[in-house]
Each structure stands twice: as C-alpha cells, then as structure tokens.
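K.L.:
target-v1.pdb is reproduced in full below (PDB, N, CA and C atoms).
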```pdb
ATOM      1  N   MET B   1       0.851  -1.181   0.000  1.00  0.00           N
ATOM      2  CA  MET B   1       0.000   0.000   0.000  1.00  0.00           C
ATOM      3  C   MET B   1       0.891   1.236   0.000  1.00  0.00           C
ATOM      4  N   LYS B   2       0.566   2.182  -0.850  1.00  0.00           N
ATOM      5  CA  LYS B   2       1.344   3.406  -0.921  1.00  0.00           C
ATOM      6  C   LYS B   2       1.071   4.255   0.308  1.00  0.00           C
ATOM      7  N   ASN B   3       2.081   4.962   0.736  1.00  0.00           N
ATOM      8  CA  ASN B   3       1.965   5.813   1.905  1.00  0.00           C
ATOM      9  C   ASN B   3       1.565   7.228   1.494  1.00  0.00           C
ATOM     10  N   GLU B   4       0.612   7.327   0.590  1.00  0.00           N
ATOM     11  CA  GLU B   4       0.080   8.613   0.192  1.00  0.00           C
ATOM     12  C   GLU B   4      -1.398   8.637   0.546  1.00  0.00           C
ATOM     13  N   LEU B   5      -1.795   9.680   1.223  1.00  0.00           N
ATOM     14  CA  LEU B   5      -3.175   9.782   1.689  1.00  0.00           C
ATOM     15  C   LEU B   5      -3.908  10.888   0.962  1.00  0.00           C
ATOM     16  N   ASP B   6      -5.183  10.670   0.747  1.00  0.00           N
ATOM     17  CA  ASP B   6      -6.059  11.705   0.215  1.00  0.00           C
ATOM     18  C   ASP B   6      -6.656  12.429   1.420  1.00  0.00           C
ATOM     19  N   PRO B   7      -6.225  13.650   1.689  1.00  0.00           N
ATOM     20  CA  PRO B   7      -6.703  14.359   2.886  1.00  0.00           C
ATOM     21  C   PRO B   7      -8.220  14.491   2.953  1.00  0.00           C
ATOM     22  N   SER B   8      -8.888  14.611   1.817  1.00  0.00           N
ATOM     23  CA  SER B   8     -10.346  14.741   1.865  1.00  0.00           C
ATOM     24  C   SER B   8     -10.986  13.452   2.382  1.00  0.00           C
ATOM     25  N   LYS B   9     -10.436  12.295   2.033  1.00  0.00           N
ATOM     26  CA  LYS B   9     -10.964  11.029   2.551  1.00  0.00           C
ATOM     27  C   LYS B   9     -10.699  10.908   4.046  1.00  0.00           C
ATOM     28  N   VAL B  10      -9.526  11.321   4.467  1.00  0.00           N
ATOM     29  CA  VAL B  10      -9.205  11.261   5.899  1.00  0.00           C
ATOM     30  C   VAL B  10     -10.144  12.160   6.680  1.00  0.00           C
ATOM     31  N   LEU B  11     -10.414  13.346   6.156  1.00  0.00           N
ATOM     32  CA  LEU B  11     -11.306  14.262   6.856  1.00  0.00           C
ATOM     33  C   LEU B  11     -12.750  13.746   6.871  1.00  0.00           C
ATOM     34  N   ARG B  12     -13.172  13.057   5.814  1.00  0.00           N
ATOM     35  CA  ARG B  12     -14.501  12.435   5.825  1.00  0.00           C
ATOM     36  C   ARG B  12     -14.553  11.338   6.885  1.00  0.00           C
ATOM     37  N   ALA B  13     -13.483  10.547   6.987  1.00  0.00           N
ATOM     38  CA  ALA B  13     -13.422   9.500   8.013  1.00  0.00           C
ATOM     39  C   ALA B  13     -13.456  10.130   9.406  1.00  0.00           C
ATOM     40  N   TYR B  14     -12.732  11.221   9.582  1.00  0.00           N
ATOM     41  CA  TYR B  14     -12.729  11.947  10.859  1.00  0.00           C
ATOM     42  C   TYR B  14     -14.153  12.374  11.224  1.00  0.00           C
ATOM     43  N   GLU B  15     -14.862  12.953  10.270  1.00  0.00           N
ATOM     44  CA  GLU B  15     -16.240  13.393  10.519  1.00  0.00           C
ATOM     45  C   GLU B  15     -17.152  12.210  10.853  1.00  0.00           C
ATOM     46  N   THR B  16     -16.945  11.074  10.204  1.00  0.00           N
ATOM     47  CA  THR B  16     -17.738   9.880  10.504  1.00  0.00           C
ATOM     48  C   THR B  16     -17.544   9.461  11.948  1.00  0.00           C
ATOM     49  N   VAL B  17     -16.291   9.457  12.390  1.00  0.00           N
ATOM     50  CA  VAL B  17     -16.004   9.087  13.782  1.00  0.00           C
ATOM     51  C   VAL B  17     -16.626  10.096  14.735  1.00  0.00           C
ATOM     52  N   MET B  18     -16.486  11.382  14.433  1.00  0.00           N
ATOM     53  CA  MET B  18     -17.021  12.415  15.320  1.00  0.00           C
ATOM     54  C   MET B  18     -18.548  12.400  15.351  1.00  0.00           C
ATOM     55  N   ASP B  19     -19.185  12.063  14.237  1.00  0.00           N
ATOM     56  CA  ASP B  19     -20.647  12.028  14.186  1.00  0.00           C
ATOM     57  C   ASP B  19     -21.241  10.782  14.847  1.00  0.00           C
ATOM     58  N   ASN B  20     -20.555   9.652  14.746  1.00  0.00           N
ATOM     59  CA  ASN B  20     -21.115   8.376  15.194  1.00  0.00           C
ATOM     60  C   ASN B  20     -20.440   7.771  16.422  1.00  0.00           C
ATOM     61  N   GLY B  21     -19.328   8.350  16.841  1.00  0.00           N
ATOM     62  CA  GLY B  21     -18.536   7.755  17.903  1.00  0.00           C
ATOM     63  C   GLY B  21     -19.050   8.016  19.303  1.00  0.00           C
ATOM     64  N   THR B  22     -18.475   7.274  20.231  1.00  0.00           N
ATOM     65  CA  THR B  22     -18.760   7.472  21.648  1.00  0.00           C
ATOM     66  C   THR B  22     -17.633   8.305  22.246  1.00  0.00           C
ATOM     67  N   PRO B  23     -17.958   9.174  23.184  1.00  0.00           N
ATOM     68  CA  PRO B  23     -16.942  10.059  23.765  1.00  0.00           C
ATOM     69  C   PRO B  23     -15.810   9.301  24.466  1.00  0.00           C
ATOM     70  N   THR B  24     -14.599   9.838  24.291  1.00  0.00           N
ATOM     71  CA  THR B  24     -13.414   9.352  25.001  1.00  0.00           C
ATOM     72  C   THR B  24     -12.804  10.542  25.730  1.00  0.00           C
ATOM     73  N   GLU B  25     -11.699  10.317  26.384  1.00  0.00           N
ATOM     74  CA  GLU B  25     -11.023  11.389  27.106  1.00  0.00           C
ATOM     75  C   GLU B  25     -10.581  12.519  26.168  1.00  0.00           C
ATOM     76  N   HIS B  26     -10.208  12.159  24.927  1.00  0.00           N
ATOM     77  CA  HIS B  26      -9.672  13.152  23.997  1.00  0.00           C
ATOM     78  C   HIS B  26     -10.624  13.556  22.890  1.00  0.00           C
ATOM     79  N   GLY B  27     -11.501  12.650  22.471  1.00  0.00           N
ATOM     80  CA  GLY B  27     -12.381  12.930  21.345  1.00  0.00           C
ATOM     81  C   GLY B  27     -13.512  11.923  21.294  1.00  0.00           C
ATOM     82  N   LYS B  28     -13.554  11.148  20.208  1.00  0.00           N
ATOM     83  CA  LYS B  28     -14.577  10.109  20.062  1.00  0.00           C
ATOM     84  C   LYS B  28     -13.967   8.862  19.436  1.00  0.00           C
ATOM     85  N   MET B  29     -14.571   7.713  19.751  1.00  0.00           N
ATOM     86  CA  MET B  29     -14.119   6.420  19.252  1.00  0.00           C
ATOM     87  C   MET B  29     -15.247   5.773  18.465  1.00  0.00           C
ATOM     88  N   TYR B  30     -14.899   5.262  17.269  1.00  0.00           N
ATOM     89  CA  TYR B  30     -15.878   4.576  16.432  1.00  0.00           C
ATOM     90  C   TYR B  30     -15.151   3.527  15.600  1.00  0.00           C
ATOM     91  N   GLU B  31     -15.676   2.312  15.619  1.00  0.00           N
ATOM     92  CA  GLU B  31     -15.109   1.209  14.832  1.00  0.00           C
ATOM     93  C   GLU B  31     -13.613   1.004  15.102  1.00  0.00           C
ATOM     94  N   GLY B  32     -13.190   1.231  16.343  1.00  0.00           N
ATOM     95  CA  GLY B  32     -11.798   1.014  16.711  1.00  0.00           C
ATOM     96  C   GLY B  32     -10.858   2.150  16.365  1.00  0.00           C
ATOM     97  N   VAL B  33     -11.401   3.268  15.909  1.00  0.00           N
ATOM     98  CA  VAL B  33     -10.580   4.434  15.561  1.00  0.00           C
ATOM     99  C   VAL B  33     -10.998   5.594  16.460  1.00  0.00           C
ATOM    100  N   GLU B  34     -10.012   6.192  17.119  1.00  0.00           N
ATOM    101  CA  GLU B  34     -10.275   7.372  17.930  1.00  0.00           C
ATOM    102  C   GLU B  34      -9.899   8.608  17.128  1.00  0.00           C
ATOM    103  N   ALA B  35     -10.750   9.621  17.170  1.00  0.00           N
ATOM    104  CA  ALA B  35     -10.509  10.876  16.464  1.00  0.00           C
ATOM    105  C   ALA B  35     -10.615  12.031  17.441  1.00  0.00           C
ATOM    106  N   TYR B  36      -9.749  13.012  17.257  1.00  0.00           N
ATOM    107  CA  TYR B  36      -9.780  14.204  18.096  1.00  0.00           C
ATOM    108  C   TYR B  36      -9.035  15.321  17.378  1.00  0.00           C
ATOM    109  N   SER B  37      -9.141  16.525  17.888  1.00  0.00           N
ATOM    110  CA  SER B  37      -8.439  17.658  17.283  1.00  0.00           C
ATOM    111  C   SER B  37      -7.766  18.476  18.368  1.00  0.00           C
ATOM    112  N   ASP B  38      -6.879  19.370  17.942  1.00  0.00           N
ATOM    113  CA  ASP B  38      -6.280  20.270  18.913  1.00  0.00           C
ATOM    114  C   ASP B  38      -7.286  21.362  19.264  1.00  0.00           C
ATOM    115  N   TYR B  39      -6.914  22.255  20.132  1.00  0.00           N
ATOM    116  CA  TYR B  39      -7.873  23.231  20.666  1.00  0.00           C
ATOM    117  C   TYR B  39      -8.469  24.145  19.612  1.00  0.00           C
ATOM    118  N   ASP B  40      -7.738  24.449  18.558  1.00  0.00           N
ATOM    119  CA  ASP B  40      -8.271  25.356  17.545  1.00  0.00           C
ATOM    120  C   ASP B  40      -8.847  24.637  16.330  1.00  0.00           C
ATOM    121  N   GLY B  41      -8.710  23.317  16.269  1.00  0.00           N
ATOM    122  CA  GLY B  41      -9.277  22.538  15.180  1.00  0.00           C
ATOM    123  C   GLY B  41      -8.458  22.530  13.897  1.00  0.00           C
ATOM    124  N   TYR B  42      -7.295  23.166  13.907  1.00  0.00           N
ATOM    125  CA  TYR B  42      -6.464  23.179  12.703  1.00  0.00           C
ATOM    126  C   TYR B  42      -5.796  21.834  12.450  1.00  0.00           C
ATOM    127  N   ASN B  43      -5.542  21.099  13.493  1.00  0.00           N
ATOM    128  CA  ASN B  43      -4.918  19.782  13.370  1.00  0.00           C
ATOM    129  C   ASN B  43      -5.891  18.730  13.881  1.00  0.00           C
ATOM    130  N   VAL B  44      -6.070  17.676  13.101  1.00  0.00           N
ATOM    131  CA  VAL B  44      -6.919  16.578  13.535  1.00  0.00           C
ATOM    132  C   VAL B  44      -6.075  15.315  13.613  1.00  0.00           C
ATOM    133  N   PHE B  45      -6.486  14.434  14.498  1.00  0.00           N
ATOM    134  CA  PHE B  45      -5.735  13.219  14.765  1.00  0.00           C
ATOM    135  C   PHE B  45      -6.670  12.024  14.740  1.00  0.00           C
ATOM    136  N   MET B  46      -6.138  10.924  14.254  1.00  0.00           N
ATOM    137  CA  MET B  46      -6.867   9.657  14.296  1.00  0.00           C
ATOM    138  C   MET B  46      -5.859   8.596  14.710  1.00  0.00           C
ATOM    139  N   ARG B  47      -6.319   7.692  15.574  1.00  0.00           N
ATOM    140  CA  ARG B  47      -5.404   6.635  16.002  1.00  0.00           C
ATOM    141  C   ARG B  47      -6.176   5.365  16.307  1.00  0.00           C
ATOM    142  N   GLY B  48      -5.434   4.279  16.211  1.00  0.00           N
ATOM    143  CA  GLY B  48      -6.004   2.982  16.520  1.00  0.00           C
ATOM    144  C   GLY B  48      -5.024   1.884  16.183  1.00  0.00           C
ATOM    145  N   ASN B  49      -5.026   0.843  16.980  1.00  0.00           N
ATOM    146  CA  ASN B  49      -4.212  -0.347  16.735  1.00  0.00           C
ATOM    147  C   ASN B  49      -2.728  -0.036  16.523  1.00  0.00           C
ATOM    148  N   GLY B  50      -2.183   0.871  17.329  1.00  0.00           N
ATOM    149  CA  GLY B  50      -0.756   1.166  17.259  1.00  0.00           C
ATOM    150  C   GLY B  50      -0.345   2.126  16.158  1.00  0.00           C
ATOM    151  N   VAL B  51      -1.305   2.799  15.548  1.00  0.00           N
ATOM    152  CA  VAL B  51      -1.020   3.737  14.464  1.00  0.00           C
ATOM    153  C   VAL B  51      -1.627   5.083  14.828  1.00  0.00           C
ATOM    154  N   GLU B  52      -0.888   6.148  14.572  1.00  0.00           N
ATOM    155  CA  GLU B  52      -1.422   7.487  14.786  1.00  0.00           C
ATOM    156  C   GLU B  52      -1.214   8.314  13.528  1.00  0.00           C
ATOM    157  N   LEU B  53      -2.263   9.012  13.133  1.00  0.00           N
ATOM    158  CA  LEU B  53      -2.251   9.852  11.944  1.00  0.00           C
ATOM    159  C   LEU B  53      -2.611  11.266  12.362  1.00  0.00           C
ATOM    160  N   ALA B  54      -1.766  12.209  11.986  1.00  0.00           N
ATOM    161  CA  ALA B  54      -2.019  13.622  12.259  1.00  0.00           C
ATOM    162  C   ALA B  54      -2.154  14.347  10.931  1.00  0.00           C
ATOM    163  N   ILE B  55      -3.245  15.087  10.763  1.00  0.00           N
ATOM    164  CA  ILE B  55      -3.460  15.900   9.571  1.00  0.00           C
ATOM    165  C   ILE B  55      -3.368  17.358  10.003  1.00  0.00           C
ATOM    166  N   GLY B  56      -2.461  18.078   9.368  1.00  0.00           N
ATOM    167  CA  GLY B  56      -2.224  19.452   9.773  1.00  0.00           C
ATOM    168  C   GLY B  56      -2.643  20.467   8.738  1.00  0.00           C
ATOM    169  N   PHE B  57      -2.199  21.663   8.973  1.00  0.00           N
ATOM    170  CA  PHE B  57      -2.499  22.803   8.123  1.00  0.00           C
ATOM    171  C   PHE B  57      -2.002  22.532   6.701  1.00  0.00           C
ATOM    172  N   HIS B  58      -2.732  22.982   5.706  1.00  0.00           N
ATOM    173  CA  HIS B  58      -2.419  22.779   4.288  1.00  0.00           C
ATOM    174  C   HIS B  58      -2.367  21.299   3.911  1.00  0.00           C
ATOM    175  N   ASN B  59      -3.160  20.483   4.612  1.00  0.00           N
ATOM    176  CA  ASN B  59      -3.285  19.057   4.317  1.00  0.00           C
ATOM    177  C   ASN B  59      -1.978  18.283   4.414  1.00  0.00           C
ATOM    178  N   THR B  60      -1.072  18.744   5.261  1.00  0.00           N
ATOM    179  CA  THR B  60       0.124  17.965   5.539  1.00  0.00           C
ATOM    180  C   THR B  60      -0.258  16.860   6.509  1.00  0.00           C
ATOM    181  N   TYR B  61       0.486  15.776   6.497  1.00  0.00           N
ATOM    182  CA  TYR B  61       0.171  14.699   7.429  1.00  0.00           C
ATOM    183  C   TYR B  61       1.423  14.006   7.924  1.00  0.00           C
ATOM    184  N   HIS B  62       1.262  13.370   9.056  1.00  0.00           N
ATOM    185  CA  HIS B  62       2.328  12.565   9.637  1.00  0.00           C
ATOM    186  C   HIS B  62       1.695  11.258  10.093  1.00  0.00           C
ATOM    187  N   LEU B  63       2.260  10.165   9.652  1.00  0.00           N
ATOM    188  CA  LEU B  63       1.748   8.841   9.977  1.00  0.00           C
ATOM    189  C   LEU B  63       2.806   8.121  10.790  1.00  0.00           C
ATOM    190  N   GLU B  64       2.441   7.708  11.999  1.00  0.00           N
ATOM    191  CA  GLU B  64       3.387   7.059  12.896  1.00  0.00           C
ATOM    192  C   GLU B  64       2.920   5.639  13.195  1.00  0.00           C
ATOM    193  N   TYR B  65       3.820   4.677  13.019  1.00  0.00           N
ATOM    194  CA  TYR B  65       3.491   3.267  13.238  1.00  0.00           C
ATOM    195  C   TYR B  65       4.767   2.488  13.440  1.00  0.00           C
ATOM    196  N   ASP B  66       4.634   1.301  14.039  1.00  0.00           N
ATOM    197  CA  ASP B  66       5.783   0.430  14.252  1.00  0.00           C
ATOM    198  C   ASP B  66       5.886  -0.665  13.197  1.00  0.00           C
ATOM    199  N   GLN B  67       4.745  -1.124  12.722  1.00  0.00           N
ATOM    200  CA  GLN B  67       4.748  -2.240  11.778  1.00  0.00           C
ATOM    201  C   GLN B  67       3.878  -1.902  10.574  1.00  0.00           C
ATOM    202  N   GLU B  68       4.374  -2.264   9.392  1.00  0.00           N
ATOM    203  CA  GLU B  68       3.668  -1.919   8.160  1.00  0.00           C
ATOM    204  C   GLU B  68       2.292  -2.554   8.068  1.00  0.00           C
ATOM    205  N   HIS B  69       2.135  -3.780   8.553  1.00  0.00           N
ATOM    206  CA  HIS B  69       0.821  -4.419   8.447  1.00  0.00           C
ATOM    207  C   HIS B  69      -0.209  -3.700   9.316  1.00  0.00           C
ATOM    208  N   LEU B  70       0.214  -3.110  10.428  1.00  0.00           N
ATOM    209  CA  LEU B  70      -0.708  -2.331  11.255  1.00  0.00           C
ATOM    210  C   LEU B  70      -1.105  -1.038  10.530  1.00  0.00           C
ATOM    211  N   ARG B  71      -0.130  -0.417   9.884  1.00  0.00           N
ATOM    212  CA  ARG B  71      -0.415   0.781   9.085  1.00  0.00           C
ATOM    213  C   ARG B  71      -1.427   0.461   7.992  1.00  0.00           C
ATOM    214  N   ASP B  72      -1.172  -0.615   7.259  1.00  0.00           N
ATOM    215  CA  ASP B  72      -2.061  -0.981   6.154  1.00  0.00           C
ATOM    216  C   ASP B  72      -3.482  -1.251   6.650  1.00  0.00           C
ATOM    217  N   SER B  73      -3.589  -1.962   7.754  1.00  0.00           N
ATOM    218  CA  SER B  73      -4.900  -2.267   8.327  1.00  0.00           C
ATOM    219  C   SER B  73      -5.616  -0.982   8.756  1.00  0.00           C
ATOM    220  N   PHE B  74      -4.890  -0.092   9.399  1.00  0.00           N
ATOM    221  CA  PHE B  74      -5.465   1.170   9.851  1.00  0.00           C
ATOM    222  C   PHE B  74      -5.939   2.009   8.665  1.00  0.00           C
ATOM    223  N   LEU B  75      -5.121   2.105   7.626  1.00  0.00           N
ATOM    224  CA  LEU B  75      -5.491   2.912   6.467  1.00  0.00           C
ATOM    225  C   LEU B  75      -6.686   2.317   5.732  1.00  0.00           C
ATOM    226  N   LYS B  76      -6.812   1.019   5.726  1.00  0.00           N
ATOM    227  CA  LYS B  76      -8.005   0.392   5.139  1.00  0.00           C
ATOM    228  C   LYS B  76      -9.246   0.749   5.944  1.00  0.00           C
ATOM    229  N   LYS B  77      -9.099   0.788   7.259  1.00  0.00           N
ATOM    230  CA  LYS B  77     -10.236   1.154   8.114  1.00  0.00           C
ATOM    231  C   LYS B  77     -10.612   2.622   7.889  1.00  0.00           C
ATOM    232  N   VAL B  78      -9.624   3.491   7.769  1.00  0.00           N
ATOM    233  CA  VAL B  78      -9.893   4.896   7.494  1.00  0.00           C
ATOM    234  C   VAL B  78     -10.589   5.039   6.148  1.00  0.00           C
ATOM    235  N   GLU B  79     -10.135   4.285   5.172  1.00  0.00           N
ATOM    236  CA  GLU B  79     -10.765   4.309   3.838  1.00  0.00           C
ATOM    237  C   GLU B  79     -12.230   3.896   3.935  1.00  0.00           C
ATOM    238  N   ALA B  80     -12.519   2.835   4.700  1.00  0.00           N
ATOM    239  CA  ALA B  80     -13.908   2.366   4.854  1.00  0.00           C
ATOM    240  C   ALA B  80     -14.756   3.418   5.569  1.00  0.00           C
ATOM    241  N   LEU B  81     -14.188   4.104   6.543  1.00  0.00           N
ATOM    242  CA  LEU B  81     -14.941   5.126   7.274  1.00  0.00           C
ATOM    243  C   LEU B  81     -15.210   6.356   6.415  1.00  0.00           C
ATOM    244  N   SER B  82     -14.442   6.547   5.359  1.00  0.00           N
ATOM    245  CA  SER B  82     -14.604   7.735   4.535  1.00  0.00           C
ATOM    246  C   SER B  82     -15.746   7.605   3.532  1.00  0.00           C
ATOM    247  N   LYS B  83     -16.334   6.418   3.426  1.00  0.00           N
ATOM    248  CA  LYS B  83     -17.395   6.205   2.424  1.00  0.00           C
ATOM    249  C   LYS B  83     -18.764   6.529   2.970  1.00  0.00           C
TER
END
```
Would you write the structure of this file as structure tokens?
P.N.:
Amino acid sequence: MKNELDPSKVLRAYETVMDNGTPTEHGKMYEGVEAYSDYDGYNVFMRGNGVELAIGFHNTYHLEYDQEHLRDSFLKKVEALSK
C-alpha cells in the first residue's frame, strides 16, 4: 500500500467518527478508531491499533506506526470510514 493519503478522505473519516462515535477522554471512538483535534481545530488526529495519523495545516500529514501491516490495516479502516 502506498503511503500517500487523500486528505479529503481522511477528513470524511474523521467526521464519521465524530458524528457516530462514543466520547473518550480526547475525542470520540468509532469502529476502533479514535478521532480528536487540537484546541483550535487546525490539526486533527486519528489513532487505533498502534497507528497514529495527524493531519495538519495545508493538508500535511504525519503517519506514525511500528509495523507496516498495522499501518495498512489502519489505512483500510480509514478508507472504509470515509465512504
């Protein structure tokens, strides 16, 4: 799987989690993905199963993970949430 993300899909997935999720300490959790934002909403974060994705200003992103198969699984889940 290529490590290139479509920011609009990620943001749709973020909105899905925020609309349908249950509250957590930081944001909301839905389908095993937690989503939250910083105080001003310019940066949004999604994490789950050992992977953290940060989407920043101008659609920049940072994807942090230890194992590629966890990254791939997480990105597939984000893709499914974006539909």
K.L.:
Take the PyMOL selection byres ((chain B and resi 30-47) around 6.5), apply it to the structure above, and return the hits as a PyMOL selection string.
P.N.:
chain B and resi 14+17-18+20-22+26-29+48-57
K.L.:
Decode the PyMOL selection byres (((chain B and resi 72 and name CA) around 12) and name CA) for the given file into explicit residues and return them as a JSON list (two decimals) with N, CA and C atoms, keeping the file's coordinate frame.
P.N.:
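The resulting selection27.json:
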```json
[["chain", "number", "residue", "atom", "x", "y", "z"],
["B", 1, "MET", "N", 0.85, -1.18, 0.00],
["B", 1, "MET", "CA", 0.00, 0.00, 0.00],
["B", 1, "MET", "C", 0.89, 1.24, 0.00],
["B", 2, "LYS", "N", 0.57, 2.18, -0.85],
["B", 2, "LYS", "CA", 1.34, 3.41, -0.92],
["B", 2, "LYS", "C", 1.07, 4.26, 0.31],
["B", 3, "ASN", "N", 2.08, 4.96, 0.74],
["B", 3, "ASN", "CA", 1.96, 5.81, 1.90],
["B", 3, "ASN", "C", 1.56, 7.23, 1.49],
["B", 4, "GLU", "N", 0.61, 7.33, 0.59],
["B", 4, "GLU", "CA", 0.08, 8.61, 0.19],
["B", 4, "GLU", "C", -1.40, 8.64, 0.55],
["B", 5, "LEU", "N", -1.80, 9.68, 1.22],
["B", 5, "LEU", "CA", -3.18, 9.78, 1.69],
["B", 5, "LEU", "C", -3.91, 10.89, 0.96],
["B", 48, "GLY", "N", -5.43, 4.28, 16.21],
["B", 48, "GLY", "CA", -6.00, 2.98, 16.52],
["B", 48, "GLY", "C", -5.02, 1.88, 16.18],
["B", 49, "ASN", "N", -5.03, 0.84, 16.98],
["B", 49, "ASN", "CA", -4.21, -0.35, 16.74],
["B", 49, "ASN", "C", -2.73, -0.04, 16.52],
["B", 50, "GLY", "N", -2.18, 0.87, 17.33],
["B", 50, "GLY", "CA", -0.76, 1.17, 17.26],
["B", 50, "GLY", "C", -0.34, 2.13, 16.16],
["B", 51, "VAL", "N", -1.30, 2.80, 15.55],
["B", 51, "VAL", "CA", -1.02, 3.74, 14.46],
["B", 51, "VAL", "C", -1.63, 5.08, 14.83],
["B", 63, "LEU", "N", 2.26, 10.16, 9.65],
["B", 63, "LEU", "CA", 1.75, 8.84, 9.98],
["B", 63, "LEU", "C", 2.81, 8.12, 10.79],
["B", 64, "GLU", "N", 2.44, 7.71, 12.00],
["B", 64, "GLU", "CA", 3.39, 7.06, 12.90],
["B", 64, "GLU", "C", 2.92, 5.64, 13.20],
["B", 65, "TYR", "N", 3.82, 4.68, 13.02],
["B", 65, "TYR", "CA", 3.49, 3.27, 13.24],
["B", 65, "TYR", "C", 4.77, 2.49, 13.44],
["B", 66, "ASP", "N", 4.63, 1.30, 14.04],
["B", 66, "ASP", "CA", 5.78, 0.43, 14.25],
["B", 66, "ASP", "C", 5.89, -0.66, 13.20],
["B", 67, "GLN", "N", 4.74, -1.12, 12.72],
["B", 67, "GLN", "CA", 4.75, -2.24, 11.78],
["B", 67, "GLN", "C", 3.88, -1.90, 10.57],
["B", 68, "GLU", "N", 4.37, -2.26, 9.39],
["B", 68, "GLU", "CA", 3.67, -1.92, 8.16],
["B", 68, "GLU", "C", 2.29, -2.55, 8.07],
["B", 69, "HIS", "N", 2.13, -3.78, 8.55],
["B", 69, "HIS", "CA", 0.82, -4.42, 8.45],
["B", 69, "HIS", "C", -0.21, -3.70, 9.32],
["B", 70, "LEU", "N", 0.21, -3.11, 10.43],
["B", 70, "LEU", "CA", -0.71, -2.33, 11.26],
["B", 70, "LEU", "C", -1.10, -1.04, 10.53],
["B", 71, "ARG", "N", -0.13, -0.42, 9.88],
["B", 71, "ARG", "CA", -0.42, 0.78, 9.09],
["B", 71, "ARG", "C", -1.43, 0.46, 7.99],
["B", 73, "SER", "N", -3.59, -1.96, 7.75],
["B", 73, "SER", "CA", -4.90, -2.27, 8.33],
["B", 73, "SER", "C", -5.62, -0.98, 8.76],
["B", 74, "PHE", "N", -4.89, -0.09, 9.40],
["B", 74, "PHE", "CA", -5.46, 1.17, 9.85],
["B", 74, "PHE", "C", -5.94, 2.01, 8.66],
["B", 75, "LEU", "N", -5.12, 2.10, 7.63],
["B", 75, "LEU", "CA", -5.49, 2.91, 6.47],
["B", 75, "LEU", "C", -6.69, 2.32, 5.73],
["B", 76, "LYS", "N", -6.81, 1.02, 5.73],
["B", 76, "LYS", "CA", -8.01, 0.39, 5.14],
["B", 76, "LYS", "C", -9.25, 0.75, 5.94],
["B", 77, "LYS", "N", -9.10, 0.79, 7.26],
["B", 77, "LYS", "CA", -10.24, 1.15, 8.11],
["B", 77, "LYS", "C", -10.61, 2.62, 7.89],
["B", 78, "VAL", "N", -9.62, 3.49, 7.77],
["B", 78, "VAL", "CA", -9.89, 4.90, 7.49],
["B", 78, "VAL", "C", -10.59, 5.04, 6.15],
["B", 79, "GLU", "N", -10.14, 4.28, 5.17],
["B", 79, "GLU", "CA", -10.76, 4.31, 3.84],
["B", 79, "GLU", "C", -12.23, 3.90, 3.94]]
```
K.L.:
Would you return as a PyMOL selection string the members of range 20-71 of chain B that DSSP assigns to helix (DSSP H, G or I) on this structure's backbone?
P.N.:
chain B and resi 20+57-59+68-71
K.L.:
Distance atom N of Asp6 in chain B-atom C of Asn59 in chain B, one decimal place?
P.N.:
9.0 Å
K.L.:
Would you please extract all strand (DSSP E or B) residues from range 20-58 of chain B, as assigned by DSSP on the backbone, and give them as number ranges by chain?
P.N.:
B: 22-23, 28-30, 33-37, 44-48, 51-55
K.L.:
Quick check, in Å to one decimal: how far apart do atom C of His62 in chain B and atom C of Lys9 in chain B lie?
P.N.:
13.8 Å
K.L.:
Please measure the separation of atom N of Lys83 in chain B and atom N of His58 in chain B, giving the value in Å to one decimal.
P.N.:
21.6 Å
K.L.:
Kindly provide, as AutoDock Vina command-line options, the centre and edge lengths (Å, one decimal) of an axis-aligned box around all atoms of range 68-83 of chain B given in the file, with 6 Å on each side.
P.N.:
```
--center_x -7.2 --center_y 1.7 --center_z 6.8 --size_x 35.1 --size_y 24.2 --size_z 20.8
```
